[in-house]
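File shown: protein32.csv (CSV, C-alpha atoms).
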chain,number,residue,atom,x,y,z
A,72,MET,CA,1.0,38.2,-1.9
A,73,ASN,CA,-2.4,39.7,-1.1
A,74,CYS,CA,-5.9,38.3,-1.0
A,75,PHE,CA,-7.7,38.1,-4.3
A,76,ILE,CA,-10.8,39.8,-2.9
A,77,HIS,CA,-9.4,42.1,-0.2
A,78,ARG,CA,-6.4,43.4,-2.2
A,79,GLU,CA,-5.0,45.4,0.8
A,80,LEU,CA,-4.9,42.3,3.2
A,81,PRO,CA,-2.0,39.9,3.1
A,82,ALA,CA,-2.8,36.3,2.1
A,83,ILE,CA,-2.5,33.5,4.7
A,84,GLY,CA,-2.7,30.7,2.2
A,85,VAL,CA,-3.8,29.5,-1.2
A,86,CYS,CA,-7.1,27.8,-2.1
A,87,LYS,CA,-6.5,24.1,-2.6
A,88,ILE,CA,-8.8,24.0,-5.6
A,89,CYS,CA,-8.4,27.2,-7.6
A,90,SER,CA,-5.0,28.4,-6.2
A,91,LYS,CA,-6.3,31.9,-5.4
A,92,ALA,CA,-4.6,33.7,-2.5
A,93,VAL,CA,-6.9,34.1,0.5
A,94,CYS,CA,-6.7,36.3,3.6
A,95,ALA,CA,-7.9,35.3,7.1
A,96,GLU,CA,-11.4,36.7,6.5
A,97,CYS,CA,-11.9,34.7,3.2
A,98,ALA,CA,-10.2,31.5,4.2
A,99,LEU,CA,-12.5,28.5,4.8
A,100,GLU,CA,-10.7,25.7,6.6
A,101,GLY,CA,-11.6,22.2,5.5
A,102,GLU,CA,-10.4,18.8,6.7
A,103,ARG,CA,-6.9,19.2,5.3
A,104,ALA,CA,-7.1,22.3,3.1
A,105,ILE,CA,-7.8,26.0,2.9
A,106,THR,CA,-10.4,27.0,0.3
A,107,CYS,CA,-11.8,30.4,-0.9
A,108,SER,CA,-15.5,29.6,-1.3
A,109,PRO,CA,-18.1,27.0,-0.4
A,110,ILE,CA,-17.9,25.6,-3.9
A,111,CYS,CA,-14.2,25.0,-3.6
A,112,SER,CA,-14.8,23.6,-0.1
A,113,GLU,CA,-17.2,21.0,-1.4
A,114,GLU,CA,-14.8,20.1,-4.2
A,115,SER,CA,-12.0,19.7,-1.7
A,116,GLN,CA,-14.2,17.4,0.4
A,117,ARG,CA,-14.9,15.3,-2.6
A,118,PHE,CA,-11.2,15.0,-3.3
A,119,GLN,CA,-10.5,14.0,0.3
A,120,GLN,CA,-13.2,11.3,0.1
A,121,MET,CA,-11.8,10.0,-3.2
A,122,ASN,CA,-8.3,9.9,-1.8
A,123,LYS,CA,-9.5,8.1,1.3
A,124,ARG,CA,-11.2,5.4,-0.8
A,125,ALA,CA,-8.1,5.0,-3.0
A,126,PHE,CA,-5.9,4.7,0.1
A,127,LYS,CA,-8.2,2.0,1.4
A,128,ILE,CA,-8.5,0.1,-1.9
A,129,TYR,CA,-4.7,0.1,-2.5
A,130,GLY,CA,-3.7,-0.3,1.2
A,131,ILE,CA,-1.7,2.9,1.3
A,132,GLY,CA,-0.9,4.5,4.6
A,133,GLU,CA,-2.0,1.6,6.8
A,134,LYS,CA,0.0,-1.3,8.2
A,135,PRO,CA,-0.6,-4.5,6.4
A,136,ARG,CA,-2.4,-7.2,8.4
A,137,GLY,CA,-0.1,-10.0,7.4
A,138,LEU,CA,2.5,-11.1,5.0
A,139,PRO,CA,1.9,-10.0,1.4
A,140,LEU,CA,0.6,-12.5,-1.1
A,141,THR,CA,4.0,-12.5,-2.9
A,142,VAL,CA,5.4,-14.1,0.3
A,143,THR,CA,2.4,-16.1,1.5
A,144,ALA,CA,1.7,-18.0,-1.8
A,145,PRO,CA,5.3,-19.3,-2.2
A,146,LEU,CA,5.4,-20.3,1.5
A,147,LEU,CA,2.2,-22.2,1.0
A,148,MET,CA,3.5,-23.8,-2.2
A,149,SER,CA,6.7,-24.8,-0.4
A,150,GLY,CA,4.7,-26.5,2.3
A,151,ILE,CA,2.6,-28.4,-0.3
A,152,LEU,CA,5.7,-29.5,-2.1
A,153,THR,CA,7.3,-30.7,1.1
A,154,CYS,CA,4.2,-32.7,1.9
A,155,ALA,CA,4.3,-34.2,-1.6
A,156,ALA,CA,7.9,-35.2,-1.1
A,157,GLY,CA,7.0,-36.9,2.2
A,158,VAL,CA,4.1,-38.8,0.7
A,159,GLY,CA,6.2,-39.8,-2.3
A,160,TYR,CA,8.9,-41.2,0.0
A,161,TRP,CA,6.4,-42.9,2.1
A,162,LEU,CA,4.7,-44.6,-0.9
A,163,GLU,CA,7.9,-45.4,-2.9
A,164,PRO,CA,10.9,-45.4,-0.5
A,165,HIS,CA,13.2,-47.0,-3.2
A,166,MET,CA,12.5,-44.2,-5.7
A,167,LEU,CA,14.3,-41.6,-3.8
A,168,PHE,CA,14.8,-39.2,-6.7
A,169,VAL,CA,11.1,-38.2,-7.0
A,170,PRO,CA,10.8,-37.0,-3.3
A,171,ALA,CA,14.2,-35.4,-3.7
A,172,ILE,CA,13.0,-33.4,-6.7
A,173,PHE,CA,10.0,-32.2,-4.8
A,174,MET,CA,12.2,-31.2,-1.8
A,175,LEU,CA,14.5,-29.2,-4.2
A,176,MET,CA,11.5,-27.5,-5.7
A,177,ALA,CA,10.2,-26.7,-2.1
A,178,CYS,CA,13.5,-25.3,-1.1
A,179,GLY,CA,13.6,-23.1,-4.3
A,180,VAL,CA,10.1,-21.8,-3.7
A,181,GLY,CA,10.9,-21.2,0.0
A,182,LEU,CA,14.0,-19.3,-1.0
A,183,GLY,CA,12.0,-17.2,-3.4
A,184,ALA,CA,9.5,-16.4,-0.6
A,185,TYR,CA,12.4,-15.4,1.7
A,186,LEU,CA,13.9,-13.1,-1.0
A,187,ALA,CA,10.5,-11.5,-1.6
A,188,TRP,CA,10.1,-10.9,2.1
A,189,ARG,CA,13.6,-9.4,2.3
A,190,LYS,CA,12.9,-7.1,-0.7
A,191,TYR,CA,9.7,-5.8,1.1
A,192,LYS,CA,11.8,-5.1,4.2
A,193,GLU,CA,14.6,-3.3,2.1
A,194,ASN,CA,11.9,-1.1,0.5
A,195,GLY,CA,10.6,0.0,3.9
A,196,LEU,CA,7.3,-1.8,3.7
A,197,ASN,CA,5.9,-2.8,7.1
A,198,VAL,CA,5.7,-6.6,6.7
Can the structure in the file be given as C-alpha coordinates, please?
Amino acid sequence: MNCFIHRELPAIGVCKICSKAVCAECALEGERAITCSPICSEESQRFQQMNKRAFKIYGIGEKPRGLPLTVTAPLLMSGILTCAAGVGYWLEPHMLFVPAIFMLMACGVGLGAYLAWRKYKENGLNV
(Lines of atoms letter the chains of each structure in order from A and count residues from 1; the text may use other names and numbers.)
(Lines give C-alpha, C1' and ligand atoms only; values in the text may rest on other atoms or scores of the structure.)
Protein backbone atom coordinates (compact mmCIF):
# COMPACT_ATOMS: atom_id res chain seq x y z
CA MET A 1 0.00 0.00 0.00
CA ASN A 2 1.35 3.42 -0.98
CA CYS A 3 0.69 6.96 0.24
CA PHE A 4 -2.41 8.61 -1.24
CA ILE A 5 -0.42 11.79 -2.07
CA HIS A 6 3.07 10.41 -2.79
CA ARG A 7 2.11 7.38 -4.87
CA GLU A 8 5.70 6.12 -5.07
CA LEU A 9 6.32 6.04 -1.27
CA PRO A 10 5.16 3.17 0.91
CA ALA A 11 2.53 3.96 3.51
CA ILE A 12 3.47 3.73 7.20
CA GLY A 13 -0.10 3.92 8.45
CA VAL A 14 -3.70 4.86 7.81
CA CYS A 15 -5.42 8.11 8.82
CA LYS A 16 -7.59 7.57 11.88
CA ILE A 17 -10.40 9.73 10.48
CA CYS A 18 -10.56 9.26 6.71
CA SER A 19 -8.68 5.93 6.39
CA LYS A 20 -6.28 7.19 3.70
CA ALA A 21 -2.83 5.60 3.53
CA VAL A 22 -0.05 8.04 4.56
CA CYS A 23 3.73 7.96 4.19
CA ALA A 24 6.29 9.25 6.71
CA GLU A 25 6.25 12.71 5.08
CA CYS A 26 2.46 13.12 5.23
CA ALA A 27 1.75 11.49 8.59
CA LEU A 28 0.82 13.79 11.45
CA GLU A 29 1.11 12.11 14.83
CA GLY A 30 -1.61 12.90 17.30
CA GLU A 31 -2.11 11.79 20.88
CA ARG A 32 -3.10 8.24 19.94
CA ALA A 33 -3.53 8.37 16.18
CA ILE A 34 -1.92 9.03 12.83
CA THR A 35 -3.73 11.52 10.61
CA CYS A 36 -3.25 12.83 7.09
CA SER A 37 -4.12 16.52 7.49
CA PRO A 38 -4.61 19.22 10.12
CA ILE A 39 -8.39 18.91 9.67
CA CYS A 40 -8.29 15.17 10.41
CA SER A 41 -5.90 15.88 13.29
CA GLU A 42 -8.39 18.29 14.89
CA GLU A 43 -11.21 15.79 14.41
CA SER A 44 -9.09 13.08 16.01
CA GLN A 45 -8.41 15.32 19.02
CA ARG A 46 -12.15 15.96 19.39
CA PHE A 47 -12.78 12.21 19.37
CA GLN A 48 -10.09 11.67 22.00
CA GLN A 49 -11.59 14.36 24.25
CA MET A 50 -15.07 12.91 23.79
CA ASN A 51 -13.81 9.43 24.67
CA LYS A 52 -11.99 10.71 27.75
CA ARG A 53 -15.19 12.40 28.96
CA ALA A 54 -17.20 9.23 28.33
CA PHE A 55 -14.64 7.11 30.19
CA LYS A 56 -14.79 9.50 33.13
CA ILE A 57 -18.61 9.62 33.15
CA TYR A 58 -19.02 5.85 33.00
CA GLY A 59 -15.97 5.00 35.12
CA ILE A 60 -14.29 2.99 32.38
CA GLY A 61 -10.61 2.31 32.67
CA GLU A 62 -10.15 3.45 36.22
CA LYS A 63 -10.20 1.51 39.43
CA PRO A 64 -13.39 2.12 41.41
CA ARG A 65 -12.93 3.98 44.68
CA GLY A 66 -15.09 1.65 46.72
CA LEU A 67 -17.71 -1.02 46.57
CA PRO A 68 -20.29 -0.54 43.84
CA LEU A 69 -23.76 0.65 44.77
CA THR A 70 -25.24 -2.78 44.03
CA VAL A 71 -23.14 -4.11 46.93
CA THR A 72 -23.13 -1.08 49.24
CA ALA A 73 -26.92 -0.50 49.30
CA PRO A 74 -27.83 -4.09 50.32
CA LEU A 75 -25.13 -4.06 53.00
CA LEU A 76 -26.54 -0.83 54.38
CA MET A 77 -30.07 -2.24 54.27
CA SER A 78 -28.87 -5.39 56.02
CA GLY A 79 -27.41 -3.27 58.81
CA ILE A 80 -30.65 -1.28 59.15
CA LEU A 81 -32.71 -4.47 59.33
CA THR A 82 -30.35 -5.93 61.97
CA CYS A 83 -30.74 -2.75 64.05
CA ALA A 84 -34.52 -2.94 63.65
CA ALA A 85 -34.42 -6.56 64.86
CA GLY A 86 -32.39 -5.55 67.91
CA VAL A 87 -34.74 -2.67 68.74
CA GLY A 88 -37.76 -4.94 68.23
CA TYR A 89 -36.35 -7.54 70.59
CA TRP A 90 -35.41 -4.88 73.14
CA LEU A 91 -38.91 -3.33 73.08
CA GLU A 92 -40.93 -6.56 72.97
CA PRO A 93 -38.79 -9.53 74.09
CA HIS A 94 -41.82 -11.85 74.33
CA MET A 95 -42.71 -11.28 70.62
CA LEU A 96 -39.67 -13.04 69.25
CA PHE A 97 -41.07 -13.64 65.75
CA VAL A 98 -40.94 -9.95 64.73
CA PRO A 99 -37.19 -9.54 65.36
CA ALA A 100 -36.64 -12.99 63.84
CA ILE A 101 -38.35 -11.87 60.63
CA PHE A 102 -36.16 -8.77 60.51
CA MET A 103 -33.04 -10.87 61.06
CA LEU A 104 -34.08 -13.27 58.28
CA MET A 105 -34.60 -10.32 55.93
CA ALA A 106 -31.22 -8.89 56.98
CA CYS A 107 -29.54 -12.23 56.25
CA GLY A 108 -31.25 -12.45 52.86
CA VAL A 109 -30.22 -8.93 51.88
CA GLY A 110 -26.68 -9.54 53.15
CA LEU A 111 -26.49 -12.74 51.11
CA GLY A 112 -27.66 -10.79 48.06
CA ALA A 113 -24.89 -8.23 48.63
CA TYR A 114 -22.31 -11.00 48.93
CA LEU A 115 -23.52 -12.66 45.71
CA ALA A 116 -23.41 -9.32 43.86
CA TRP A 117 -19.86 -8.72 45.10
CA ARG A 118 -18.86 -12.22 43.98
CA LYS A 119 -20.38 -11.62 40.55
CA TYR A 120 -18.32 -8.43 40.22
CA LYS A 121 -15.17 -10.40 41.06
CA GLU A 122 -16.03 -13.21 38.61
CA ASN A 123 -16.49 -10.67 35.81
CA GLY A 124 -13.03 -9.24 36.48
CA LEU A 125 -14.15 -5.92 37.89
CA ASN A 126 -11.72 -4.41 40.40
CA VAL A 127 -13.85 -4.14 43.48
| query | Pick the closest to Cys111 in chain A from A:Ala177, A:Ile76, A:Leu152, A:Cys89: which is it, counting only C-alpha atoms? | reply | A:Cys89
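Residue neighbourhood of Ala98 in chain A, excluding near-sequence residues (fewer than 6 positions): A:Cys74, A:Ala82, A:Ile83, A:Gly84, A:Val85, A:Cys86, A:Ala92, A:Ala104, A:Ile105, A:Thr106, A:Cys107, A:Ser108, at 10 Å, using all atoms listed in the file.
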| message | as a PyMOL selection string, please: the residues near Phe75 in chain A (cut-off 7 Å, all atoms listed in the file, same-chain neighbours under 3 positions excluded). | response | chain A and resi 78+91-93
Would you give the centre and edge lengths, in Å to one decimal, of a box along x, y and z around the listed atoms of range 158-164 of chain A, with 8 Å added to each side, as AutoDock Vina command-line options?
--center_x 7.5 --center_y -42.1 --center_z -0.4 --size_x 22.8 --size_y 22.6 --size_z 21.0
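Of note, CA of His77 in chain A and CA of Cys94 in chain A are spaced 7.4 Å apart.
Among A:Leu146, A:Ala156, A:Met166, A:Ala125, the residue with the shortest atom-to-atom distance to Leu186 in chain A, counting all atoms listed in the file, is A:Leu146.
In this comparison, which uses only C-alpha atoms, the residue of A:Val142, A:Leu162, A:Ala95, A:Ser112 approaching Lys192 in chain A most closely is A:Val142.
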Please produce range 160-192 of chain A, completed to N, CA and C atoms, as a PDB file, keeping the file's coordinate frame.
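Full text of result-v6.pdb as output:
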ATOM      1  N   TYR A 160       7.965 -40.281  -0.673  1.00  0.00           N
ATOM      2  CA  TYR A 160       8.900 -41.200   0.000  1.00  0.00           C
ATOM      3  C   TYR A 160       8.248 -42.267   0.749  1.00  0.00           C
ATOM      4  N   TRP A 161       7.106 -41.943   1.350  1.00  0.00           N
ATOM      5  CA  TRP A 161       6.400 -42.900   2.100  1.00  0.00           C
ATOM      6  C   TRP A 161       5.797 -44.024   1.212  1.00  0.00           C
ATOM      7  N   LEU A 162       5.300 -43.624   0.022  1.00  0.00           N
ATOM      8  CA  LEU A 162       4.700 -44.600  -0.900  1.00  0.00           C
ATOM      9  C   LEU A 162       5.779 -45.404  -1.641  1.00  0.00           C
ATOM     10  N   GLU A 163       6.834 -44.768  -2.068  1.00  0.00           N
ATOM     11  CA  GLU A 163       7.900 -45.400  -2.900  1.00  0.00           C
ATOM     12  C   GLU A 163       9.260 -45.113  -2.277  1.00  0.00           C
ATOM     13  N   PRO A 164       9.658 -45.727  -1.157  1.00  0.00           N
ATOM     14  CA  PRO A 164      10.900 -45.400  -0.500  1.00  0.00           C
ATOM     15  C   PRO A 164      12.147 -45.720  -1.412  1.00  0.00           C
ATOM     16  N   HIS A 165      12.016 -46.671  -2.331  1.00  0.00           N
ATOM     17  CA  HIS A 165      13.200 -47.000  -3.200  1.00  0.00           C
ATOM     18  C   HIS A 165      13.364 -46.073  -4.328  1.00  0.00           C
ATOM     19  N   MET A 166      12.360 -45.239  -4.643  1.00  0.00           N
ATOM     20  CA  MET A 166      12.500 -44.200  -5.700  1.00  0.00           C
ATOM     21  C   MET A 166      12.759 -42.874  -5.063  1.00  0.00           C
ATOM     22  N   LEU A 167      13.956 -42.716  -4.563  1.00  0.00           N
ATOM     23  CA  LEU A 167      14.300 -41.600  -3.800  1.00  0.00           C
ATOM     24  C   LEU A 167      14.396 -40.269  -4.614  1.00  0.00           C
ATOM     25  N   PHE A 168      14.612 -40.376  -5.914  1.00  0.00           N
ATOM     26  CA  PHE A 168      14.800 -39.200  -6.700  1.00  0.00           C
ATOM     27  C   PHE A 168      13.510 -38.335  -6.837  1.00  0.00           C
ATOM     28  N   VAL A 169      12.337 -38.973  -6.832  1.00  0.00           N
ATOM     29  CA  VAL A 169      11.100 -38.200  -7.000  1.00  0.00           C
ATOM     30  C   VAL A 169      10.863 -37.321  -5.729  1.00  0.00           C
ATOM     31  N   PRO A 170      10.940 -37.861  -4.495  1.00  0.00           N
ATOM     32  CA  PRO A 170      10.800 -37.000  -3.300  1.00  0.00           C
ATOM     33  C   PRO A 170      11.919 -35.919  -3.283  1.00  0.00           C
ATOM     34  N   ALA A 171      13.118 -36.306  -3.744  1.00  0.00           N
ATOM     35  CA  ALA A 171      14.200 -35.400  -3.700  1.00  0.00           C
ATOM     36  C   ALA A 171      13.951 -34.180  -4.664  1.00  0.00           C
ATOM     37  N   ILE A 172      13.343 -34.451  -5.802  1.00  0.00           N
ATOM     38  CA  ILE A 172      13.000 -33.400  -6.700  1.00  0.00           C
ATOM     39  C   ILE A 172      11.959 -32.450  -6.101  1.00  0.00           C
ATOM     40  N   PHE A 173      10.967 -33.042  -5.437  1.00  0.00           N
ATOM     41  CA  PHE A 173      10.000 -32.200  -4.800  1.00  0.00           C
ATOM     42  C   PHE A 173      10.582 -31.373  -3.651  1.00  0.00           C
ATOM     43  N   MET A 174      11.515 -31.952  -2.912  1.00  0.00           N
ATOM     44  CA  MET A 174      12.200 -31.200  -1.800  1.00  0.00           C
ATOM     45  C   MET A 174      13.010 -30.054  -2.417  1.00  0.00           C
ATOM     46  N   LEU A 175      13.702 -30.306  -3.541  1.00  0.00           N
ATOM     47  CA  LEU A 175      14.500 -29.200  -4.200  1.00  0.00           C
ATOM     48  C   LEU A 175      13.556 -28.108  -4.652  1.00  0.00           C
ATOM     49  N   MET A 176      12.416 -28.483  -5.237  1.00  0.00           N
ATOM     50  CA  MET A 176      11.500 -27.500  -5.700  1.00  0.00           C
ATOM     51  C   MET A 176      10.940 -26.684  -4.453  1.00  0.00           C
ATOM     52  N   ALA A 177      10.646 -27.399  -3.351  1.00  0.00           N
ATOM     53  CA  ALA A 177      10.200 -26.700  -2.100  1.00  0.00           C
ATOM     54  C   ALA A 177      11.200 -25.769  -1.600  1.00  0.00           C
ATOM     55  N   CYS A 178      12.464 -26.174  -1.618  1.00  0.00           N
ATOM     56  CA  CYS A 178      13.500 -25.300  -1.100  1.00  0.00           C
ATOM     57  C   CYS A 178      13.653 -24.058  -2.048  1.00  0.00           C
ATOM     58  N   GLY A 179      13.538 -24.254  -3.346  1.00  0.00           N
ATOM     59  CA  GLY A 179      13.600 -23.100  -4.300  1.00  0.00           C
ATOM     60  C   GLY A 179      12.495 -22.148  -4.096  1.00  0.00           C
ATOM     61  N   VAL A 180      11.282 -22.664  -3.936  1.00  0.00           N
ATOM     62  CA  VAL A 180      10.100 -21.800  -3.700  1.00  0.00           C
ATOM     63  C   VAL A 180      10.230 -21.086  -2.379  1.00  0.00           C
ATOM     64  N   GLY A 181      10.678 -21.808  -1.353  1.00  0.00           N
ATOM     65  CA  GLY A 181      10.900 -21.200   0.000  1.00  0.00           C
ATOM     66  C   GLY A 181      11.914 -20.100  -0.075  1.00  0.00           C
ATOM     67  N   LEU A 182      12.986 -20.330  -0.821  1.00  0.00           N
ATOM     68  CA  LEU A 182      14.000 -19.300  -1.000  1.00  0.00           C
ATOM     69  C   LEU A 182      13.459 -18.075  -1.690  1.00  0.00           C
ATOM     70  N   GLY A 183      12.627 -18.314  -2.696  1.00  0.00           N
ATOM     71  CA  GLY A 183      12.000 -17.200  -3.400  1.00  0.00           C
ATOM     72  C   GLY A 183      11.098 -16.393  -2.456  1.00  0.00           C
ATOM     73  N   ALA A 184      10.370 -17.072  -1.575  1.00  0.00           N
ATOM     74  CA  ALA A 184       9.500 -16.400  -0.600  1.00  0.00           C
ATOM     75  C   ALA A 184      10.365 -15.552   0.356  1.00  0.00           C
ATOM     76  N   TYR A 185      11.485 -16.122   0.795  1.00  0.00           N
ATOM     77  CA  TYR A 185      12.400 -15.400   1.700  1.00  0.00           C
ATOM     78  C   TYR A 185      12.932 -14.143   1.008  1.00  0.00           C
ATOM     79  N   LEU A 186      13.361 -14.291  -0.242  1.00  0.00           N
ATOM     80  CA  LEU A 186      13.900 -13.100  -1.000  1.00  0.00           C
ATOM     81  C   LEU A 186      12.860 -12.065  -1.202  1.00  0.00           C
ATOM     82  N   ALA A 187      11.627 -12.473  -1.472  1.00  0.00           N
ATOM     83  CA  ALA A 187      10.500 -11.500  -1.600  1.00  0.00           C
ATOM     84  C   ALA A 187      10.293 -10.750  -0.330  1.00  0.00           C
ATOM     85  N   TRP A 188      10.290 -11.476   0.775  1.00  0.00           N
ATOM     86  CA  TRP A 188      10.100 -10.900   2.100  1.00  0.00           C
ATOM     87  C   TRP A 188      11.207  -9.867   2.383  1.00  0.00           C
ATOM     88  N   ARG A 189      12.443 -10.265   2.059  1.00  0.00           N
ATOM     89  CA  ARG A 189      13.600  -9.400   2.300  1.00  0.00           C
ATOM     90  C   ARG A 189      13.504  -8.117   1.444  1.00  0.00           C
ATOM     91  N   LYS A 190      13.023  -8.276   0.209  1.00  0.00           N
ATOM     92  CA  LYS A 190      12.900  -7.100  -0.700  1.00  0.00           C
ATOM     93  C   LYS A 190      11.826  -6.150  -0.106  1.00  0.00           C
ATOM     94  N   TYR A 191      10.742  -6.685   0.454  1.00  0.00           N
ATOM     95  CA  TYR A 191       9.700  -5.800   1.100  1.00  0.00           C
ATOM     96  C   TYR A 191      10.358  -5.053   2.240  1.00  0.00           C
ATOM     97  N   LYS A 192      11.166  -5.712   3.042  1.00  0.00           N
ATOM     98  CA  LYS A 192      11.800  -5.100   4.200  1.00  0.00           C
ATOM     99  C   LYS A 192      12.787  -3.977   3.699  1.00  0.00           C
TER     100      LYS A 192
END
